[in-house]
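A.B. asks: Got a structure for you, work-v3.cif, holding mmCIF, C-alpha atoms.
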```cif
data_run
loop_
_atom_site.label_atom_id
_atom_site.label_comp_id
_atom_site.auth_asym_id
_atom_site.auth_seq_id
_atom_site.Cartn_x
_atom_site.Cartn_y
_atom_site.Cartn_z
CA MET G 1 5.41 25.92 48.60
CA SER G 2 1.98 27.08 47.63
CA LYS G 3 0.50 26.37 44.26
CA SER G 4 -1.88 28.52 42.32
CA LYS G 5 -5.34 26.97 41.99
CA ASN G 6 -4.76 26.72 38.24
CA ASP G 7 -1.31 25.10 38.41
CA GLN G 8 -2.63 21.53 38.53
CA LYS G 9 -4.85 22.20 35.54
CA ILE G 10 -1.88 23.72 33.68
CA LEU G 11 0.30 20.72 34.53
CA ASP G 12 -2.42 18.36 33.28
CA LEU G 13 -2.70 20.31 30.04
CA GLN G 14 1.09 20.25 29.63
CA LYS G 15 0.93 16.48 29.99
CA LYS G 16 -1.77 16.27 27.29
CA VAL G 17 0.30 18.46 24.95
CA GLY G 18 3.30 16.21 25.59
CA GLU G 19 1.24 13.11 24.79
CA LYS G 20 0.02 14.67 21.53
CA LYS G 21 3.58 15.61 20.57
CA GLU G 22 4.69 12.06 21.29
CA ALA G 23 1.81 10.67 19.23
CA LEU G 24 2.94 12.79 16.28
CA GLY G 25 6.24 11.01 16.55
CA LYS G 26 9.46 12.00 14.99
CA ALA G 27 9.31 14.38 12.07
CA GLN G 28 8.93 12.54 8.81
CA ARG G 29 10.28 14.38 5.85
CA PHE G 30 8.60 14.76 2.50
CA ALA G 31 10.21 12.20 0.16
CA PRO G 32 8.71 12.76 -3.30
CA ILE G 33 8.44 10.31 -6.18
CA THR G 34 8.39 13.12 -8.74
CA ASN G 35 10.81 15.99 -9.31
CA CYS G 36 8.25 18.34 -7.63
CA SER G 37 8.08 20.62 -10.68
CA LEU G 38 4.63 20.19 -12.19
CA LEU G 39 3.55 21.93 -15.39
CA PHE G 40 -0.22 21.59 -15.22
CA GLU G 41 -2.88 23.45 -17.21
CA GLY G 42 -0.29 25.94 -18.44
CA GLU G 43 1.05 26.80 -15.00
CA ARG G 44 4.22 25.60 -13.22
CA TYR G 45 3.94 24.42 -9.61
CA ASN G 46 6.80 23.72 -7.22
CA LEU G 47 5.46 21.19 -4.74
CA ASN G 48 8.09 22.24 -2.18
CA ALA G 49 6.72 25.80 -2.16
CA LEU G 50 3.01 24.99 -1.79
CA ASP G 51 1.05 25.83 1.34
CA VAL G 52 -1.75 23.63 2.67
CA TYR G 53 -4.49 25.36 0.68
CA GLU G 54 -2.57 25.37 -2.63
CA CYS G 55 -1.62 21.74 -2.14
CA MET G 56 -5.22 20.73 -1.45
CA ILE G 57 -6.60 22.59 -4.48
CA LEU G 58 -3.96 21.11 -6.78
CA LEU G 59 -4.60 17.65 -5.34
CA ILE G 60 -8.32 18.01 -6.06
CA ARG G 61 -7.60 19.06 -9.64
CA ILE G 62 -5.13 16.19 -10.22
CA HIS G 63 -7.57 13.74 -8.64
CA ALA G 64 -10.35 14.96 -10.93
CA TYR G 65 -8.12 14.28 -13.93
CA GLN G 66 -7.24 10.86 -12.50
CA MET G 67 -10.92 9.96 -12.03
CA SER G 68 -11.78 11.17 -15.54
CA TYR G 69 -8.94 9.09 -16.93
CA GLN G 70 -10.13 5.98 -15.05
CA HIS G 71 -13.64 6.50 -16.37
CA LEU G 72 -12.44 6.90 -19.97
CA LYS G 73 -10.09 3.95 -19.61
CA SER G 74 -13.05 1.70 -18.83
CA ARG G 75 -14.78 2.78 -22.07
CA PHE G 76 -11.98 3.41 -24.55
CA PRO G 77 -8.44 2.16 -25.13
CA VAL G 78 -6.61 5.29 -23.86
CA GLY G 79 -3.36 3.69 -22.70
CA ASP G 80 -1.96 2.51 -19.41
CA LYS G 81 -1.42 5.88 -17.77
CA VAL G 82 -1.40 9.60 -18.39
CA MET G 83 1.95 11.33 -18.08
CA VAL G 84 2.20 14.95 -16.93
CA SER G 85 5.61 16.64 -16.68
CA GLY G 86 7.28 13.25 -17.05
CA PHE G 87 5.38 11.47 -14.27
CA SER G 88 2.03 9.71 -14.05
CA LEU G 89 -1.06 11.35 -12.56
CA ASP G 90 -0.90 8.67 -9.87
CA ASP G 91 2.65 9.73 -8.92
CA TRP G 92 1.61 13.39 -8.73
CA GLU G 93 -1.39 12.45 -6.61
CA LYS G 94 0.77 10.43 -4.21
CA ASP G 95 3.26 13.28 -3.89
CA LEU G 96 0.55 15.84 -3.27
CA MET G 97 -1.02 13.60 -0.61
CA ALA G 98 2.38 13.13 1.05
CA LYS G 99 3.07 16.88 0.93
CA LEU G 100 -0.35 17.69 2.37
CA THR G 101 0.16 15.19 5.20
CA TYR G 102 3.60 16.66 5.90
CA LEU G 103 2.26 20.24 5.95
CA GLN G 104 -0.63 19.32 8.25
CA ARG G 105 1.74 17.50 10.61
CA GLU G 106 4.08 20.51 10.72
CA SER G 107 1.14 22.83 11.41
CA GLU G 108 -0.03 20.63 14.28
CA LYS G 109 3.50 20.53 15.75
CA LYS G 110 3.66 24.33 15.57
CA GLN G 111 0.30 24.68 17.33
CA LEU G 112 1.37 22.27 20.08
CA LYS G 113 4.61 24.23 20.60
CA GLN G 114 2.61 27.46 20.92
CA MET G 115 0.30 25.84 23.49
CA GLU G 116 3.29 24.48 25.39
CA ASP G 117 4.88 27.94 25.52
CA LYS G 118 1.64 29.57 26.72
CA LEU G 119 1.22 26.98 29.45
CA LYS G 120 4.79 27.51 30.71
CA VAL G 121 4.13 31.21 31.12
CA LEU G 122 0.91 30.57 33.02
CA LEU G 123 2.52 28.49 35.79
CA SER G 124 3.04 30.25 39.11
CA GLU G 125 6.60 31.11 40.11
CA ASP G 126 6.45 28.67 43.04
CA THR G 127 5.48 25.79 40.76
CA LYS G 128 8.18 26.73 38.24
CA THR G 129 10.74 26.71 41.06
CA GLU G 130 9.45 23.38 42.36
CA LEU G 131 9.69 21.81 38.89
CA ALA G 132 13.22 23.18 38.39
CA LEU G 133 14.29 21.77 41.76
CA ASP G 134 12.76 18.38 40.85
CA ASP G 135 14.74 18.37 37.59
CA ILE G 136 17.98 19.13 39.42
CA ALA G 137 17.29 16.42 42.01
CA LYS G 138 16.65 13.85 39.24
CA ALA G 139 19.87 14.85 37.50
CA LEU G 140 21.87 14.38 40.70
CA ASP G 141 20.47 10.90 41.45
#
```
What would the structure in this file look like if it were written as structure tokens?

C.D. replies:
Amino acid sequence: MSKSKNDQKILDLQKKVGEKKEALGKAQRFAPITNCSLLFEGERYNLNALDVYECMILLIRIHAYQMSYQHLKSRFPVGDKVMVSGFSLDDWEKDLMAKLTYLQRESEKKQLKQMEDKLKVLLSEDTKTELALDDIAKALD
């Protein structure tokens, strides 16, 4: 069986994609501390419906409030924590960080799947046949 000159490169890239997928590990789900319904600056946000950009912007805004609170707390007796929509700023910040991490992980998994699909198409028919035969031989042993 003859192999295309690019087949070895494609196989190597498939291996790298597989290693990256393995490094991502099993999908971790988003397990929030809050109820994910944030009323902030007069607007309601559903953390489950945010995309990466919206999540990042909201995280920046919450973090700015958190930093301002910490600064004021060091100068004035303003209380132990600031509550927003029934949860502390710290809880909202943790949830937004967790959601952002989850969204970025899902995006990376999607990109790896797309690369994997492209690489499968690029393999020569002879190499595809050879790999299929190898799989059958392994299954029979």

A.B. asks: What does the structure give for the distance between CA of Cys55 in chain G and CA of Asp95 in chain G, in Å to one decimal?

C.D. replies: 9.9 Å

A.B. asks: Produce a table with one row for each residue of range 114-133 of chain G that has an atom at most 12 Å from any atom of range 19-43 of chain G, each row naming the nearest atom pair and its distance in Å at one decimal; use all atoms listed in the file; arrange rows by chain and rising residue number; format as a Markdown table.

C.D. replies:
```
| residue | atom | partner | partner_atom | distance |
| --- | --- | --- | --- | --- |
| G:Gln114 | CA | G:Lys21 | CA | 11.9 |
| G:Met115 | CA | G:Lys21 | CA | 11.1 |
| G:Glu116 | CA | G:Lys21 | CA | 10.1 |
```

A.B. asks: The selected residues should be written to file as a CSV table (one decimal), in the frame of the given file (atoms: C-alpha atoms).

C.D. replies:
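Result written to out.csv:
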```csv
chain,number,residue,atom,x,y,z
G,114,GLN,CA,2.6,27.5,20.9
G,115,MET,CA,0.3,25.8,23.5
G,116,GLU,CA,3.3,24.5,25.4
```

A.B. asks: With only C-alpha atoms as the atoms that count, which of G:Leu131, G:Ala139, G:Ala64, G:Leu89 lies nearest to Asp7 in chain G?

C.D. replies: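 Going through G:Leu131, G:Ala139, G:Ala64, G:Leu89 one by one, the smallest distance to Asp7 in chain G is for G:Leu131.
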
A.B. asks: Using the chain letters and numbering of this document, enumerate as a list in words the residues selected by the PyMOL selection byres ((chain G and resi 123) around 9).

C.D. replies: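 Evaluating the PyMOL selection byres ((chain G and resi 123) around 9) on these coordinates yields Lys3, Ser4, Asn6, Asp7, Ile10, Leu11, Leu119, Lys120, Val121, Leu122, Ser124, Glu125, Asp126, Thr127 and Lys128 of chain G.
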
A.B. asks: Distance CA of Leu59 in chain G-CA of Thr101 in chain G, one decimal place?

C.D. replies: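 Taking CA of Leu59 in chain G and CA of Thr101 in chain G, their separation equals 11.8 Å.
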
A.B. asks: Suppose you want the space between CA of Ser85 in chain G and CA of Ala49 in chain G; what is it in Å?

C.D. replies: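 Result for CA of Ser85 in chain G versus CA of Ala49 in chain G: 17.2 Å, one decimal.
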
A.B. asks: Around all listed atoms of range 24-39 of chain G, padded 4 Å per side, what centre and edge lengths does the axis-aligned box have in Å to one decimal, as JSON?

C.D. replies:
```
{"center_x": 6.9, "center_y": 16.1, "center_z": 0.6, "size_x": 15.9, "size_y": 19.6, "size_z": 39.9}
```

A.B. asks: Of the residues G:Ile62, G:Val78, G:Leu72, G:Ile136, which is the one nearest to Glu93 in chain G, using all atoms listed in the file?

C.D. replies: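 Comparing G:Ile62, G:Val78, G:Leu72, G:Ile136 against Glu93 in chain G, the winner is G:Ile62.
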
A.B. asks: Given the PyMOL selection byres ((chain G and resi 51-53) around 12) and the file above, list the residues it selects as a VMD selection string.

C.D. replies: chain G and resid 45 to 50 54 to 60 96 to 107

A.B. asks: Given the point (-6.9, 10.3, -16.9) in the coordinates of this file, which residues lie within 12 Å, counting all atoms listed in the file, and how would they look as number ranges by chain?

C.D. replies: G: 61-74, 76-84, 88-90, 93

A.B. asks: Take the residues just selected and output them with C-alpha atoms as a PDB file, in the coordinates of the input.

C.D. replies:
```
ATOM      1  CA  ARG G  61      -7.600  19.060  -9.640  1.00  0.00           C
ATOM      2  CA  ILE G  62      -5.130  16.190 -10.220  1.00  0.00           C
ATOM      3  CA  HIS G  63      -7.570  13.740  -8.640  1.00  0.00           C
ATOM      4  CA  ALA G  64     -10.350  14.960 -10.930  1.00  0.00           C
ATOM      5  CA  TYR G  65      -8.120  14.280 -13.930  1.00  0.00           C
ATOM      6  CA  GLN G  66      -7.240  10.860 -12.500  1.00  0.00           C
ATOM      7  CA  MET G  67     -10.920   9.960 -12.030  1.00  0.00           C
ATOM      8  CA  SER G  68     -11.780  11.170 -15.540  1.00  0.00           C
ATOM      9  CA  TYR G  69      -8.940   9.090 -16.930  1.00  0.00           C
ATOM     10  CA  GLN G  70     -10.130   5.980 -15.050  1.00  0.00           C
ATOM     11  CA  HIS G  71     -13.640   6.500 -16.370  1.00  0.00           C
ATOM     12  CA  LEU G  72     -12.440   6.900 -19.970  1.00  0.00           C
ATOM     13  CA  LYS G  73     -10.090   3.950 -19.610  1.00  0.00           C
ATOM     14  CA  SER G  74     -13.050   1.700 -18.830  1.00  0.00           C
ATOM     15  CA  PHE G  76     -11.980   3.410 -24.550  1.00  0.00           C
ATOM     16  CA  PRO G  77      -8.440   2.160 -25.130  1.00  0.00           C
ATOM     17  CA  VAL G  78      -6.610   5.290 -23.860  1.00  0.00           C
ATOM     18  CA  GLY G  79      -3.360   3.690 -22.700  1.00  0.00           C
ATOM     19  CA  ASP G  80      -1.960   2.510 -19.410  1.00  0.00           C
ATOM     20  CA  LYS G  81      -1.420   5.880 -17.770  1.00  0.00           C
ATOM     21  CA  VAL G  82      -1.400   9.600 -18.390  1.00  0.00           C
ATOM     22  CA  MET G  83       1.950  11.330 -18.080  1.00  0.00           C
ATOM     23  CA  VAL G  84       2.200  14.950 -16.930  1.00  0.00           C
ATOM     24  CA  SER G  88       2.030   9.710 -14.050  1.00  0.00           C
ATOM     25  CA  LEU G  89      -1.060  11.350 -12.560  1.00  0.00           C
ATOM     26  CA  ASP G  90      -0.900   8.670  -9.870  1.00  0.00           C
ATOM     27  CA  GLU G  93      -1.390  12.450  -6.610  1.00  0.00           C
TER      28      GLU G  93
END
```
